[in-house]
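Have a look at coords_16.cif; it's mmCIF, C-alpha atoms:
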```
data_protein
#
loop_
_atom_site.label_atom_id
_atom_site.label_comp_id
_atom_site.auth_asym_id
_atom_site.auth_seq_id
_atom_site.Cartn_x
_atom_site.Cartn_y
_atom_site.Cartn_z
CA MET M 1 -111.85 126.73 -70.29
CA ASN M 2 -114.46 124.55 -68.59
CA VAL M 3 -113.43 122.80 -65.36
CA PRO M 4 -116.34 120.99 -63.69
CA LEU M 5 -116.17 120.09 -60.03
CA LEU M 6 -116.48 116.44 -61.06
CA ASP M 7 -116.59 114.84 -64.50
CA LEU M 8 -118.02 111.33 -64.22
CA LYS M 9 -118.47 111.09 -67.98
CA ALA M 10 -114.71 111.36 -68.47
CA GLN M 11 -114.18 108.43 -66.11
CA TYR M 12 -116.97 106.39 -67.71
CA LYS M 13 -115.43 106.72 -71.17
CA THR M 14 -112.30 104.88 -70.00
CA ILE M 15 -114.20 101.84 -68.64
CA LYS M 16 -117.41 101.88 -70.67
CA GLU M 17 -116.99 98.48 -72.35
CA GLU M 18 -116.05 96.76 -69.10
CA ILE M 19 -119.07 98.26 -67.37
CA LEU M 20 -121.42 97.18 -70.15
CA ASP M 21 -120.02 93.64 -70.10
CA ALA M 22 -120.34 93.43 -66.30
CA THR M 23 -123.92 94.69 -66.22
CA LEU M 24 -124.92 92.47 -69.15
CA GLU M 25 -123.74 89.49 -67.13
CA VAL M 26 -126.12 90.50 -64.35
CA TYR M 27 -129.00 90.95 -66.80
CA GLU M 28 -128.39 87.47 -68.19
CA SER M 29 -128.24 85.94 -64.71
CA GLN M 30 -131.40 87.72 -63.54
CA ARG M 31 -129.85 87.83 -60.04
CA PHE M 32 -130.49 91.41 -58.99
CA ILE M 33 -130.57 91.34 -55.17
CA LEU M 34 -127.46 90.23 -53.26
CA GLY M 35 -126.06 87.09 -54.92
CA PRO M 36 -122.56 86.18 -56.20
CA LYS M 37 -121.58 89.66 -57.40
CA VAL M 38 -122.28 91.16 -53.99
CA GLU M 39 -120.39 88.34 -52.29
CA GLU M 40 -117.39 88.86 -54.57
CA LEU M 41 -117.40 92.61 -53.89
CA GLU M 42 -117.63 92.01 -50.14
CA GLU M 43 -114.59 89.73 -50.25
CA LYS M 44 -112.56 92.22 -52.27
CA ILE M 45 -113.51 95.25 -50.16
CA ALA M 46 -112.62 93.30 -47.01
CA GLU M 47 -109.22 92.50 -48.51
CA TYR M 48 -108.72 96.08 -49.75
CA THR M 49 -109.50 97.66 -46.39
CA GLY M 50 -107.62 95.03 -44.37
CA VAL M 51 -110.46 93.40 -42.44
CA ARG M 52 -111.92 89.90 -42.18
CA TYR M 53 -115.50 90.73 -43.17
CA ALA M 54 -117.53 93.17 -45.25
CA VAL M 55 -121.29 93.44 -45.74
CA GLY M 56 -122.78 95.22 -48.75
CA VAL M 57 -125.65 97.55 -47.89
CA SER M 58 -127.93 99.98 -49.67
CA SER M 59 -126.10 103.24 -48.91
CA GLY M 60 -123.50 104.88 -46.71
CA THR M 61 -126.32 106.21 -44.57
CA ASP M 62 -127.70 102.71 -44.05
CA ALA M 63 -124.18 101.49 -43.26
CA LEU M 64 -124.14 103.90 -40.32
CA LEU M 65 -127.69 103.06 -39.32
CA VAL M 66 -127.27 99.28 -39.32
CA SER M 67 -123.94 99.56 -37.49
CA LEU M 68 -125.60 101.53 -34.70
CA MET M 69 -128.39 98.95 -34.58
CA ALA M 70 -125.94 96.06 -34.54
CA GLY M 71 -124.05 97.79 -31.72
CA ASP M 72 -127.26 97.64 -29.63
CA ILE M 73 -127.40 101.42 -29.48
CA GLY M 74 -130.86 102.87 -29.08
CA LYS M 75 -133.22 105.19 -27.28
CA GLY M 76 -131.54 107.46 -24.75
CA ASP M 77 -128.00 106.28 -25.48
CA LEU M 78 -125.32 108.89 -26.14
CA VAL M 79 -123.12 108.94 -29.25
CA ILE M 80 -120.31 111.43 -29.81
CA THR M 81 -119.49 112.77 -33.26
CA THR M 82 -118.71 116.03 -35.06
CA PRO M 83 -121.09 118.73 -36.35
CA TYR M 84 -118.95 119.28 -39.47
CA THR M 85 -119.96 116.37 -41.67
CA PHE M 86 -122.67 115.22 -44.06
CA PHE M 87 -126.12 115.07 -42.48
CA ALA M 88 -126.27 111.26 -42.38
CA THR M 89 -123.71 111.00 -39.57
CA VAL M 90 -125.90 112.74 -37.01
CA GLY M 91 -129.17 111.89 -38.72
CA SER M 92 -128.52 108.16 -38.23
CA ILE M 93 -127.97 108.67 -34.51
CA GLU M 94 -131.28 110.52 -34.22
CA ARG M 95 -133.15 107.92 -36.25
CA ILE M 96 -132.44 105.14 -33.73
CA GLY M 97 -133.48 107.35 -30.82
CA ALA M 98 -129.99 107.97 -29.47
CA ILE M 99 -128.73 111.43 -28.54
CA PRO M 100 -125.86 112.99 -30.52
CA LEU M 101 -123.18 114.80 -28.54
CA LEU M 102 -121.28 117.12 -30.86
CA VAL M 103 -117.58 117.87 -30.44
CA ASP M 104 -115.90 120.55 -32.55
CA ILE M 105 -113.27 119.89 -35.19
CA ASP M 106 -109.52 120.32 -35.52
CA PRO M 107 -108.88 123.53 -37.55
CA ARG M 108 -106.28 121.84 -39.75
CA THR M 109 -107.87 118.50 -40.68
CA TYR M 110 -111.57 119.31 -40.09
CA ASN M 111 -111.80 115.96 -38.29
CA ILE M 112 -112.95 115.66 -34.68
CA ASP M 113 -110.66 117.47 -32.22
CA THR M 114 -109.38 114.72 -29.94
CA GLU M 115 -108.39 117.11 -27.16
CA LEU M 116 -111.94 118.42 -27.04
CA LEU M 117 -113.21 114.84 -27.24
CA GLU M 118 -111.20 113.90 -24.17
CA GLU M 119 -112.35 117.03 -22.34
CA LYS M 120 -115.97 116.27 -23.20
CA ILE M 121 -115.84 112.73 -21.83
CA SER M 122 -113.84 113.78 -18.74
CA SER M 123 -116.50 116.35 -17.88
CA MET M 124 -119.38 113.88 -18.04
CA HIS M 125 -120.94 112.64 -14.80
CA GLU M 126 -121.42 108.98 -13.98
CA GLU M 127 -124.98 108.68 -15.28
CA GLU M 128 -124.02 110.19 -18.65
CA LEU M 129 -120.99 107.94 -18.95
CA SER M 130 -123.19 104.90 -18.40
CA ARG M 131 -125.21 105.94 -21.47
CA LEU M 132 -122.22 106.82 -23.66
CA LYS M 133 -122.13 103.93 -26.09
CA ALA M 134 -120.23 105.03 -29.19
CA ILE M 135 -117.95 107.52 -30.90
CA ILE M 136 -118.30 108.15 -34.64
CA PRO M 137 -115.12 109.77 -35.98
CA VAL M 138 -115.51 111.05 -39.55
CA HIS M 139 -112.57 110.68 -41.94
CA LEU M 140 -113.53 113.89 -43.68
CA PHE M 141 -112.57 114.71 -47.27
CA GLY M 142 -110.45 111.53 -47.48
CA GLN M 143 -108.11 111.93 -44.51
CA CYS M 144 -108.24 109.74 -41.41
CA ALA M 145 -109.09 111.23 -38.05
CA ASN M 146 -106.58 110.95 -35.18
CA MET M 147 -107.43 107.30 -34.56
CA GLU M 148 -104.61 106.54 -32.15
CA LYS M 149 -105.98 109.01 -29.62
CA ILE M 150 -109.60 108.09 -30.31
CA LEU M 151 -108.83 104.40 -29.76
CA GLU M 152 -107.03 105.20 -26.52
CA ILE M 153 -110.02 107.21 -25.25
CA ALA M 154 -112.65 104.69 -26.35
CA ASN M 155 -110.91 101.47 -25.38
CA SER M 156 -110.20 102.68 -21.85
CA ARG M 157 -113.94 103.13 -21.33
CA GLY M 158 -115.39 100.28 -23.37
CA ILE M 159 -116.93 102.61 -25.95
CA ILE M 160 -117.67 101.33 -29.47
CA ILE M 161 -116.05 103.17 -32.39
CA ILE M 162 -117.90 103.38 -35.70
CA GLU M 163 -115.72 104.90 -38.41
CA ASP M 164 -117.59 107.09 -40.87
CA ALA M 165 -115.33 106.39 -43.82
CA ALA M 166 -117.86 107.43 -46.46
CA GLN M 167 -115.29 109.74 -48.09
CA ALA M 168 -112.19 107.75 -47.27
CA ILE M 169 -111.91 104.36 -48.96
CA GLY M 170 -108.20 103.59 -49.26
CA SER M 171 -107.05 106.35 -46.92
CA GLU M 172 -104.45 105.26 -44.38
CA TYR M 173 -103.48 106.19 -40.83
CA ARG M 174 -99.95 105.82 -39.50
CA PHE M 175 -99.62 104.96 -35.81
CA LYS M 176 -96.70 106.11 -33.67
CA ASP M 177 -95.16 102.63 -33.80
CA GLY M 178 -94.97 102.89 -37.59
CA SER M 179 -97.85 100.53 -38.32
CA VAL M 180 -100.34 101.61 -40.97
CA LYS M 181 -104.04 100.78 -41.17
CA ARG M 182 -106.68 101.71 -43.65
CA ALA M 183 -109.91 103.56 -42.96
CA GLY M 184 -112.62 101.18 -41.82
CA SER M 185 -110.20 98.68 -40.25
CA MET M 186 -109.45 100.40 -36.93
CA SER M 187 -112.73 99.93 -35.08
CA LYS M 188 -115.71 97.68 -34.54
CA PHE M 189 -117.45 99.00 -37.66
CA GLY M 190 -116.28 100.87 -40.74
CA CYS M 191 -118.94 102.54 -42.89
CA PHE M 192 -118.44 103.32 -46.58
CA SER M 193 -120.53 105.05 -49.21
CA PHE M 194 -120.52 104.29 -52.93
CA PHE M 195 -122.48 107.40 -53.88
CA PRO M 196 -121.54 108.26 -57.51
CA SER M 197 -119.32 111.22 -56.54
CA LYS M 198 -117.11 109.13 -54.24
CA ASN M 199 -113.65 107.94 -55.31
CA LEU M 200 -115.23 104.51 -55.67
CA GLY M 201 -118.72 105.39 -56.87
CA SER M 202 -121.57 103.24 -58.08
CA PHE M 203 -124.26 104.18 -60.61
CA GLY M 204 -126.70 104.90 -57.81
CA ASP M 205 -126.69 104.35 -54.06
CA GLY M 206 -124.63 101.72 -52.30
CA GLY M 207 -122.58 101.18 -49.17
CA MET M 208 -120.50 98.72 -47.16
CA VAL M 209 -119.85 97.87 -43.52
CA THR M 210 -116.46 96.42 -42.60
CA THR M 211 -115.54 94.62 -39.40
CA ASP M 212 -113.16 92.08 -37.86
CA ASP M 213 -115.84 90.87 -35.46
CA LYS M 214 -117.51 87.66 -36.66
CA ASP M 215 -120.57 88.13 -34.45
CA ALA M 216 -121.01 91.71 -35.68
CA TYR M 217 -120.64 90.53 -39.27
CA GLN M 218 -123.32 87.87 -38.84
CA LYS M 219 -125.64 90.29 -37.09
CA ILE M 220 -125.39 92.92 -39.84
CA SER M 221 -125.82 90.24 -42.51
CA ILE M 222 -129.10 89.29 -40.87
CA MET M 223 -130.25 92.82 -40.14
CA ARG M 224 -129.85 93.98 -43.74
CA VAL M 225 -132.59 91.51 -44.79
CA HIS M 226 -135.22 92.60 -42.26
CA GLY M 227 -133.56 90.57 -39.50
CA SER M 228 -134.55 87.23 -41.03
CA ARG M 229 -132.60 83.98 -41.01
CA PRO M 230 -133.82 81.69 -42.35
CA LYS M 231 -136.21 83.53 -44.65
CA TYR M 232 -139.47 84.57 -42.95
CA TYR M 233 -138.10 83.82 -39.46
CA HIS M 234 -137.16 86.97 -37.55
CA LYS M 235 -135.24 87.03 -34.28
CA VAL M 236 -134.50 90.76 -34.57
CA VAL M 237 -136.00 93.74 -36.36
CA GLY M 238 -133.74 94.84 -39.17
CA GLY M 239 -134.42 96.69 -42.39
CA ASN M 240 -134.16 96.57 -46.16
CA PHE M 241 -130.47 97.46 -46.34
CA ARG M 242 -129.43 95.23 -49.27
CA LEU M 243 -126.88 96.10 -51.95
CA ASP M 244 -128.06 95.10 -55.42
CA SER M 245 -126.07 93.02 -57.90
CA LEU M 246 -125.90 95.68 -60.63
CA GLN M 247 -124.14 98.13 -58.35
CA ALA M 248 -121.81 95.39 -57.11
CA ALA M 249 -120.89 94.46 -60.68
CA ILE M 250 -120.10 98.09 -61.53
CA LEU M 251 -118.06 98.54 -58.36
CA LEU M 252 -116.06 95.38 -59.09
CA VAL M 253 -114.95 96.93 -62.37
CA LYS M 254 -114.12 100.27 -60.76
CA LEU M 255 -112.26 98.72 -57.83
CA ASN M 256 -109.56 97.56 -60.24
CA TYR M 257 -108.82 101.20 -61.04
CA LEU M 258 -109.28 102.74 -57.61
CA ASP M 259 -105.61 103.00 -56.59
CA LYS M 260 -104.68 104.43 -60.00
CA TRP M 261 -107.41 107.06 -59.70
CA THR M 262 -106.44 107.83 -56.12
CA GLU M 263 -102.79 108.36 -57.00
CA LYS M 264 -103.86 110.72 -59.79
CA ARG M 265 -105.93 112.71 -57.29
CA ARG M 266 -102.91 112.88 -55.00
CA ALA M 267 -100.77 114.03 -57.92
CA ASN M 268 -103.35 116.70 -58.73
CA ALA M 269 -103.17 117.86 -55.11
CA ARG M 270 -99.39 118.20 -55.44
CA THR M 271 -99.85 120.20 -58.63
CA TYR M 272 -102.19 122.57 -56.81
CA ARG M 273 -99.62 122.97 -54.03
CA ASP M 274 -96.79 123.67 -56.47
CA LEU M 275 -98.79 126.26 -58.41
CA PHE M 276 -100.13 128.02 -55.31
CA ALA M 277 -96.63 128.07 -53.78
CA LYS M 278 -95.34 130.11 -56.73
CA LEU M 279 -98.04 132.72 -56.14
CA ASP M 280 -97.69 132.98 -52.36
CA LEU M 281 -101.38 133.79 -51.95
CA GLU M 282 -101.84 134.58 -48.26
CA GLU M 283 -105.61 134.54 -48.71
CA VAL M 284 -105.69 130.81 -49.53
CA GLU M 285 -104.89 128.06 -47.01
CA LEU M 286 -104.33 124.68 -48.64
CA PRO M 287 -105.49 121.36 -47.15
CA PHE M 288 -103.38 119.95 -44.35
CA GLU M 289 -101.91 116.54 -45.13
CA GLY M 290 -100.49 114.37 -42.35
CA ASP M 291 -98.13 111.43 -42.83
CA GLY M 292 -100.94 109.02 -43.67
CA ARG M 293 -102.49 108.52 -47.10
CA HIS M 294 -104.94 111.30 -47.98
CA ILE M 295 -107.16 110.14 -50.87
CA TYR M 296 -108.62 113.60 -51.64
CA ASN M 297 -112.27 112.82 -52.05
CA GLN M 298 -112.37 116.62 -51.93
CA PHE M 299 -109.64 119.25 -52.19
CA VAL M 300 -110.85 121.87 -49.74
CA VAL M 301 -109.14 125.22 -49.37
CA LYS M 302 -109.83 127.79 -46.70
CA VAL M 303 -109.92 131.44 -47.73
CA SER M 304 -109.54 134.45 -45.50
CA ASN M 305 -112.43 136.41 -46.98
CA GLU M 306 -115.07 136.64 -49.70
CA ARG M 307 -115.59 132.90 -50.08
CA ASP M 308 -119.02 133.20 -51.71
CA ASP M 309 -117.83 135.90 -54.09
CA LEU M 310 -114.89 133.68 -55.05
CA LYS M 311 -117.25 130.79 -55.75
CA ASN M 312 -119.32 132.99 -58.06
CA PHE M 313 -116.19 134.33 -59.75
CA LEU M 314 -115.00 130.79 -60.46
CA ALA M 315 -118.40 129.89 -61.90
CA ASP M 316 -118.23 132.92 -64.20
CA HIS M 317 -114.95 131.51 -65.52
CA GLY M 318 -116.33 128.01 -66.11
CA ILE M 319 -114.96 126.46 -62.91
CA GLY M 320 -117.06 124.30 -60.63
CA SER M 321 -116.68 124.42 -56.85
CA GLU M 322 -118.73 123.41 -53.83
CA ILE M 323 -119.23 124.36 -50.19
CA TYR M 324 -118.84 121.46 -47.73
CA TYR M 325 -120.73 122.36 -45.51
CA PRO M 326 -122.59 125.70 -45.40
CA VAL M 327 -124.54 124.94 -42.20
CA PRO M 328 -122.87 122.87 -39.45
CA LEU M 329 -125.18 120.26 -38.01
CA HIS M 330 -125.40 121.90 -34.59
CA MET M 331 -127.11 124.81 -36.38
CA GLN M 332 -129.57 122.77 -38.46
CA GLU M 333 -133.22 123.44 -37.73
CA CYS M 334 -134.08 119.77 -37.22
CA PHE M 335 -131.52 119.55 -34.40
CA LYS M 336 -132.75 122.64 -32.57
CA HIS M 337 -133.90 120.44 -29.70
CA LEU M 338 -130.27 119.58 -28.92
CA ASN M 339 -129.92 123.17 -27.65
CA TYR M 340 -126.56 124.01 -29.23
CA LYS M 341 -125.63 127.62 -29.86
CA PRO M 342 -123.62 128.60 -32.96
CA GLU M 343 -120.63 129.53 -30.81
CA ASP M 344 -120.54 126.10 -29.16
CA CYS M 345 -118.57 124.80 -32.17
CA PRO M 346 -116.62 127.85 -33.39
CA VAL M 347 -114.17 126.00 -35.64
CA SER M 348 -116.99 124.27 -37.50
CA LEU M 349 -118.76 127.60 -37.82
CA ASP M 350 -115.62 129.25 -39.19
CA ALA M 351 -115.08 126.43 -41.69
CA SER M 352 -118.66 126.70 -42.91
CA VAL M 353 -118.11 130.28 -44.09
CA LYS M 354 -114.50 130.06 -45.32
CA THR M 355 -113.95 126.70 -47.03
CA LEU M 356 -114.41 125.80 -50.68
CA ALA M 357 -113.86 122.52 -52.55
CA LEU M 358 -112.00 122.77 -55.86
CA PRO M 359 -111.95 120.20 -58.70
CA ILE M 360 -109.64 117.26 -57.89
CA TYR M 361 -110.97 114.33 -59.95
CA SER M 362 -108.40 112.05 -61.56
CA GLU M 363 -109.04 113.04 -65.18
CA LEU M 364 -108.12 116.70 -64.61
CA SER M 365 -105.38 118.03 -66.88
CA PHE M 366 -102.50 120.24 -65.77
CA GLU M 367 -103.98 123.07 -67.86
CA GLN M 368 -107.31 122.80 -66.05
CA ILE M 369 -105.65 122.94 -62.62
CA GLU M 370 -103.54 125.87 -63.78
CA HIS M 371 -106.70 127.66 -64.92
CA VAL M 372 -108.28 127.15 -61.49
CA VAL M 373 -105.22 128.54 -59.69
CA ASP M 374 -104.79 131.47 -62.09
CA THR M 375 -108.46 132.38 -61.72
CA ILE M 376 -108.24 132.39 -57.93
CA ASN M 377 -105.13 134.52 -58.20
CA SER M 378 -106.98 136.94 -60.48
CA PHE M 379 -109.80 137.19 -57.96
CA TYR M 380 -107.54 138.16 -55.07
CA ARG M 381 -104.96 140.13 -57.03
CA GLY M 382 -107.39 141.88 -59.37
#
```
How does this structure look as structure tokens?
Amino acid sequence: MNVPLLDLKAQYKTIKEEILDATLEVYESQRFILGPKVEELEEKIAEYTGVRYAVGVSSGTDALLVSLMAGDIGKGDLVITTPYTFFATVGSIERIGAIPLLVDIDPRTYNIDTELLEEKISSMHEEELSRLKAIIPVHLFGQCANMEKILEIANSRGIIIIEDAAQAIGSEYRFKDGSVKRAGSMSKFGCFSFFPSKNLGSFGDGGMVTTDDKDAYQKISIMRVHGSRPKYYHKVVGGNFRLDSLQAAILLVKLNYLDKWTEKRRANARTYRDLFAKLDLEEVELPFEGDGRHIYNQFVVKVSNERDDLKNFLADHGIGSEIYYPVPLHMQECFKHLNYKPEDCPVSLDASVKTLALPIYSELSFEQIEHVVDTINSFYRG
């Protein structure tokens, strides 16, 4: 039985006619850059995430980059984030000339460890604190970071928070008072990616910045078009960070199905848990799920040993899997100048050699999930 890591063709088949109609409308309009489709998507994403404003941009990476720029963060400033994330999180900090400070992750959620975050900031001397401008928590794999604690730490020191919600559209965080907020609505900026493999994926690159701050919204809107308003008049230096109309039209179709697809992913996660529970496989640790809404952009298990051999074994049995991430960012060659040692972030290092993402997409059948679990059981039980 074939079980790909992700089957975008299966999803496309269910919405093909709607997609073709939506894109044909754009072709007929000949409005390809920004325009009414982008504006409509911005309004709907703002409503979906629970914020006042949203700005469509060219990618999740550019969402991070323009948010840092709009936050007036630049050369020599310090920005705290995690080393266990996609490259763009730290790469964007470097690109604007700021200095990334890397804090290790929580071993259960793989999100930034807030105790270590607090320790890091408490240990900084006055000159460093004056340069500490932002924290970028990553809502990894579709589960929100511990935002209550992060907000407490940041707000007490006037530090900007930029949520990297690239993998987390629709995920929710429950505060101690019972209130619930969605990813991208709990900080100055929320950054989303519409890369095709995301729960809400375009047919190419695309991204979105969310905010409740009107001034920040206006600034990003200007910066995404080279900093010009009106056209050809530039008060600031921005970039070409525009979302195109074709991608917006496709995303508008898909947004109508997003919650349905997300709930199917969550149901698939429950099926995995039920099947693994019957086997009592000590070698496999299932994803931790808090009391918020985990959207399962990935279903990542942690194995006690032989991760790479397991991956190959699954491939031999027609099952796709992926390693997120094989090299933590503090160990990447391009960040050698930051002078981190592998042991500086031991939990990230451990995750990089023991975790494996299994298929979780919404079109998976029970039989396919059962095949994945039975194959893993065969690997460890022989």
| task | Please write the residues picked by the PyMOL selection byres ((chain M and resi 327) around 9) on this file as a VMD selection string. | result | chain M and resid 84 324 to 326 328 to 332 348 to 349 352 to 353
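This file, queried with the PyMOL selection byres ((chain M and resi 304) around 9), gives the residues Glu282, Glu283, Val284, Glu285, Lys302, Val303, Asn305, Glu306, Arg307 and Lys354 of chain M.
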| task | Calculate how many Å separate atom CA of Ile323 of chain M from atom CA of Ala351 of chain M, rounding to one decimal. | result | 9.7 Å
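With atom CA of Tyr173 of chain M on one side and atom CA of Arg293 of chain M on the other, the separation reads 6.8 Å.
Taking atom CA of Thr82 of chain M and atom CA of Thr109 of chain M as endpoints, the distance between them is 12.5 Å.
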| message | Starting from the PyMOL selection byres ((chain M and resi 206) around 9), expand the selection into actual residues of this file and give them as a count of residues only. | response | 23
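Non-sequential neighbours of Val180 of chain M (distance at most 12 Å, separation of 4 or more positions within a chain, all atoms listed in the file) are Thr49, Gly50, Cys144, Met147, Glu148, Gly170, Ser171, Glu172, Tyr173, Arg174, Phe175, Lys176, Ser185, Met186, Asp291, Gly292 and Arg293 of chain M.
Among M:Lys219, M:Arg273, M:Lys75, M:His294, the residue with the shortest atom-to-atom distance to Asp259 of chain M, counting all atoms listed in the file, is M:His294.
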| said: Let me make sure I understand: among M:Lys133, M:Ser365, M:Gly178, M:Gly76, which one has the smallest atom-to-atom distance to Glu94 of chain M if we use all atoms listed in the file? | reply: M:Gly76
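The nearest approach to Asn240 of chain M among the residues M:Pro83, M:Gly227, M:Gly184, M:Gly142, with all atoms listed in the file taken into account, belongs to M:Gly227.
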| task | Identify, on the basis of all atoms listed in the file, every residue whose closest approach to Pro107 of chain M does not exceed 10 Å; exclude the query and any residue fewer than 6 positions from it along the same chain; express the result as a list in words. | result | Asp113, Phe288, Pro346, Val347, Ser348, Asp350 and Ala351 of chain M
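Ranking M:Asp274, M:Asp316, M:Asp212, M:Asp106 by their shortest atom-to-atom distance to Ser187 of chain M, with all atoms listed in the file included, puts M:Asp212 first.
Each of M:Ile121, M:Ile33, M:Ile135, M:Ala249 was checked against Ser67 of chain M using only C-alpha atoms; the smallest atom-to-atom distance is that of M:Ile135.
Nearest residue to Tyr12 of chain M among M:Phe86, M:Tyr257, M:Phe313, M:Phe276 is M:Tyr257, counting all atoms listed in the file.
Distance cut-off 9 Å, centre (-130.3, 116.3, -30.6), atoms counted all atoms listed in the file; the residues meeting this are Val90, Ile93, Glu94, Ala98, Ile99, Pro100, Leu101, His330, Cys334, Phe335, Lys336, His337, Leu338, Asn339 and Tyr340 of chain M.
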| task | Just the residues within 12 Å of Lys120 of chain M, please, counting all atoms listed in the file, with nothing from its chain fewer than 5 positions along; format it as a ChimeraX atom specification. | result | /M:79-81,101-104,112-115,125,128-129,132,135,153
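Neighbourhood of point (-98.4, 120.6, -60.3): residues with an atom at most 10 Å away, counting all atoms listed in the file, are Ala267, Asn268, Ala269, Arg270, Thr271, Tyr272, Arg273, Asp274, Leu275, Phe276, Ser365, Phe366, Glu367, Ile369 and Glu370 of chain M.
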| task | Write out as a PyMOL selection string the residues lying within 6 Å of Ala54 of chain M, counting all atoms listed in the file and excluding same-chain residues fewer than 3 positions away. | result | chain M and resi 42+46+209-210
